[in-house]
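The structure under discussion appears below in the form of structure tokens.
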Amino acid sequence: MTTKKSPQTSLIHSDYTPPAGFGAFPPAIHHASTVLFPNVAALRSGDWKDKSAYTYGLHGTPTTFTLEARLAEIEGGSDCLLAPSGLAAIAMVDFALLKTGDDILLPDNIYNPNRVLGNWLQDTMGITARYYDPLIGAGIAQLIRPNTRLIWAEAPGSVSMEVPDLPAICAAAKDKGVVVALDNTWSAGIALRAFDLGVDIVVQALTKYQSGGADVLMGAVITQDKSLHDRLALSHMRLGYGVGADDAYLVMRGLPTLKLRFDAHDAGARKVAAWLKARPEITKVLHPAFEDCPGHDTWKRDFTGAGGLFSVLFDARYSEEQTDRFVDALKLFKIGFSWGGPNSLCVPYRIQAMRRGWPDAGILVRFNIGLEDPDDLIADIEAALALLQS
């Protein structure tokens with residue numbers, strides 16, 4: 001029996017229920033802050049840590065649970081937590097595993113916001129942040145202290161492109177009971193099986209290849225160990241992290257084409273990088289698939305692809321003013337951070353200020369090769385290089 005309601009109440013409490021059985025390829029988008037319980041017993045028995053039920057929008061909906069499950073599958077993990085950005089995912093790991101008096105090791109080629117976060121932890125929270133040579137390999141065992149709790153790695157470094165020996169680092173860390181977290185964004189999780197190499201935690205900036213449209217900010221933290229996931233989940237809850245259903249949908253929409261796009265970025269980047277390597281203006285191409293890139297042999301052993309990101313070093317005879325003019329002259333390449341979207345990007349870096357002991361051997365410029373025709377990108381670079389002589 002339908003109870004008669006006023007028009008205002010009817011706007012909120014409708015008697016209509018759509019028919020069941022609707023099927024489509026795209027997953028449903030569930031927008032929710034409040035999650036409804038069928039009765040008080042269900043309310044009282046609900047646990048936000050248990051993904052067999054729903055408790056509140058911040059703790060997950062079918063949309064976010066589905067994305068987390070798919071990302072864990074890609075990485076070969078068992079559990080995944082979503083964060084509002086890649087940096088937020090990094091912070092979640094730090095806050096879950098570190099406390100005053102602890103020690104953290106970071107590679108000297110770390111994503112710069114991670115470096116800034118590490119320095120802030122040291123300056124404000126009494127957590128020691130130390131930096132190691134990204135090519136140290138098994139030698140990292142000599143740096144591990146009794147209070148070392150976390151080792152960060154990045155494969156490769158997203159600006160200078162050194163490829164670390166992850167199995168050696170992980171073996172040394174495991175021997176001392178230290179957790180290893182890897183920023184695996186460069187490979188999108190499909191060109192490097194990080195858990196197979198001994199990594200404990202994988203972080204992804206879904207902002208990049210997974211979304212593929214340069215229109216989403218999101219991060220993910222993926223694990224295989226349940227107890228480690230539970231520690232991270234507490235950090236996730238305490239930080240109040242949540243992602244919007246529409247953003248989660250946009251990332252899921254990009255997943256079916258992820259490998260196709262990644263391979264296209266990879267092919268285009270190798271062609272452009274090989275062309276740049278032959279140019280007299282360039283003294284070195286920092287691309288892990290090239291033999292003279294630091295850590296190339298490790299890349300060849302552990303990776304199955306390379307994506308679209310690499311850097312070059314200009315000949316030292318060119319000033320910063322000249323290389324800036326080169327970047328400004330590019331037409332198809334736009335100036336901006338990030339990678340993994342359809343548009344090519346170019347950014348000059350003052351690498352000497354970012355790295356300890358970096359030689360004064362020319363300006364570093366990083367390229368992200370998008371999905372344009374690589375021949376058009378080469379023509380764009382060639383025209384801009386002509387201005388270096390002006």
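Each chain in the structure tokens gets a letter, A, B, ..., in the order shown, and its residues are numbered from 1; ligands are numbered from 1 in order too.
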
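All residues of protein, DNA or RNA that reach within 10 Å of Met125 of chain A, judged by only C-alpha atoms and not counting those fewer than 4 positions away in the chain, are Leu98, Lys99, Thr100, Gly101, Asp102, Asn119, Trp120 and Leu121 of chain A.
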
Kindly save the residues from that selection, with N, CA and C atoms included, as a JSON list (two decimals), in the first residue's frame.
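In the end it all went to again_30.json:
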[["chain", "number", "residue", "atom", "x", "y", "z"],
["A", 98, "LEU", "N", 55.91, 5.65, 10.06],
["A", 98, "LEU", "CA", 56.96, 6.40, 10.73],
["A", 98, "LEU", "C", 56.44, 7.15, 11.94],
["A", 99, "LYS", "N", 57.32, 7.28, 12.93],
["A", 99, "LYS", "CA", 57.03, 8.07, 14.12],
["A", 99, "LYS", "C", 58.32, 8.77, 14.55],
["A", 100, "THR", "N", 58.20, 9.67, 15.51],
["A", 100, "THR", "CA", 59.37, 10.39, 16.01],
["A", 100, "THR", "C", 60.46, 9.41, 16.45],
["A", 101, "GLY", "N", 61.68, 9.70, 16.01],
["A", 101, "GLY", "CA", 62.81, 8.84, 16.34],
["A", 101, "GLY", "C", 63.16, 7.83, 15.27],
["A", 102, "ASP", "N", 62.28, 7.67, 14.28],
["A", 102, "ASP", "CA", 62.53, 6.70, 13.21],
["A", 102, "ASP", "C", 63.43, 7.31, 12.15],
["A", 119, "ASN", "N", 62.05, 15.93, 3.96],
["A", 119, "ASN", "CA", 62.73, 16.99, 4.69],
["A", 119, "ASN", "C", 61.81, 17.61, 5.74],
["A", 120, "TRP", "N", 60.52, 17.74, 5.42],
["A", 120, "TRP", "CA", 59.56, 18.29, 6.37],
["A", 120, "TRP", "C", 59.39, 17.35, 7.57],
["A", 121, "LEU", "N", 59.34, 16.05, 7.31],
["A", 121, "LEU", "CA", 59.25, 15.09, 8.41],
["A", 121, "LEU", "C", 60.45, 15.23, 9.34]]

Against segment 201-225 of chain A, which residues of segment 59-102 of chain A fall within 9 Å? For each one I want the closest pair of atoms and the distance in Å (one decimal), counting only C-alpha atoms, rows by chain and increasing residue number, as JSON lines.
{"residue": "A:Glu68", "atom": "CA", "partner": "A:Ala220", "partner_atom": "CA", "distance": 8.0}
{"residue": "A:Leu71", "atom": "CA", "partner": "A:Ile222", "partner_atom": "CA", "distance": 7.9}
{"residue": "A:Ala72", "atom": "CA", "partner": "A:Ile222", "partner_atom": "CA", "distance": 6.1}
{"residue": "A:Glu75", "atom": "CA", "partner": "A:Ile222", "partner_atom": "CA", "distance": 7.6}
{"residue": "A:Gly76", "atom": "CA", "partner": "A:Gln224", "partner_atom": "CA", "distance": 7.9}
{"residue": "A:Gly77", "atom": "CA", "partner": "A:Gln224", "partner_atom": "CA", "distance": 4.7}
{"residue": "A:Ser78", "atom": "CA", "partner": "A:Gln224", "partner_atom": "CA", "distance": 4.9}
{"residue": "A:Asp79", "atom": "CA", "partner": "A:Thr223", "partner_atom": "CA", "distance": 5.4}
{"residue": "A:Cys80", "atom": "CA", "partner": "A:Ile222", "partner_atom": "CA", "distance": 4.4}
{"residue": "A:Leu81", "atom": "CA", "partner": "A:Val221", "partner_atom": "CA", "distance": 5.2}
{"residue": "A:Leu82", "atom": "CA", "partner": "A:Ala220", "partner_atom": "CA", "distance": 4.6}
{"residue": "A:Ala83", "atom": "CA", "partner": "A:Gly219", "partner_atom": "CA", "distance": 4.8}
{"residue": "A:Pro84", "atom": "CA", "partner": "A:Met218", "partner_atom": "CA", "distance": 4.6}
{"residue": "A:Ser85", "atom": "CA", "partner": "A:Met218", "partner_atom": "CA", "distance": 3.9}
{"residue": "A:Gly86", "atom": "CA", "partner": "A:Gly219", "partner_atom": "CA", "distance": 4.1}
{"residue": "A:Leu87", "atom": "CA", "partner": "A:Gly219", "partner_atom": "CA", "distance": 7.3}
{"residue": "A:Ala88", "atom": "CA", "partner": "A:Gly219", "partner_atom": "CA", "distance": 6.9}
{"residue": "A:Ala89", "atom": "CA", "partner": "A:Gly219", "partner_atom": "CA", "distance": 5.4}
{"residue": "A:Ile90", "atom": "CA", "partner": "A:Val203", "partner_atom": "CA", "distance": 6.9}
{"residue": "A:Met92", "atom": "CA", "partner": "A:Val221", "partner_atom": "CA", "distance": 8.3}
{"residue": "A:Val93", "atom": "CA", "partner": "A:Val221", "partner_atom": "CA", "distance": 7.9}

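Going from atom CA of Lys331 of chain A over to atom CA of Asp380 of chain A, you cover 6.4 Å.
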
task: Work out how far apart atom CA of Thr17 of chain A and atom CA of Lys5 of chain A are and give it in Å to one decimal.
output: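 Going from atom CA of Thr17 of chain A over to atom CA of Lys5 of chain A covers 16.8 Å.
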
task: For Asp315 of chain A, please output as a ChimeraX atom specification all residues within 7 Å (counting only C-alpha atoms; exclusion window: fewer than 3 positions along the same chain).
output: /A:281-283,318,362
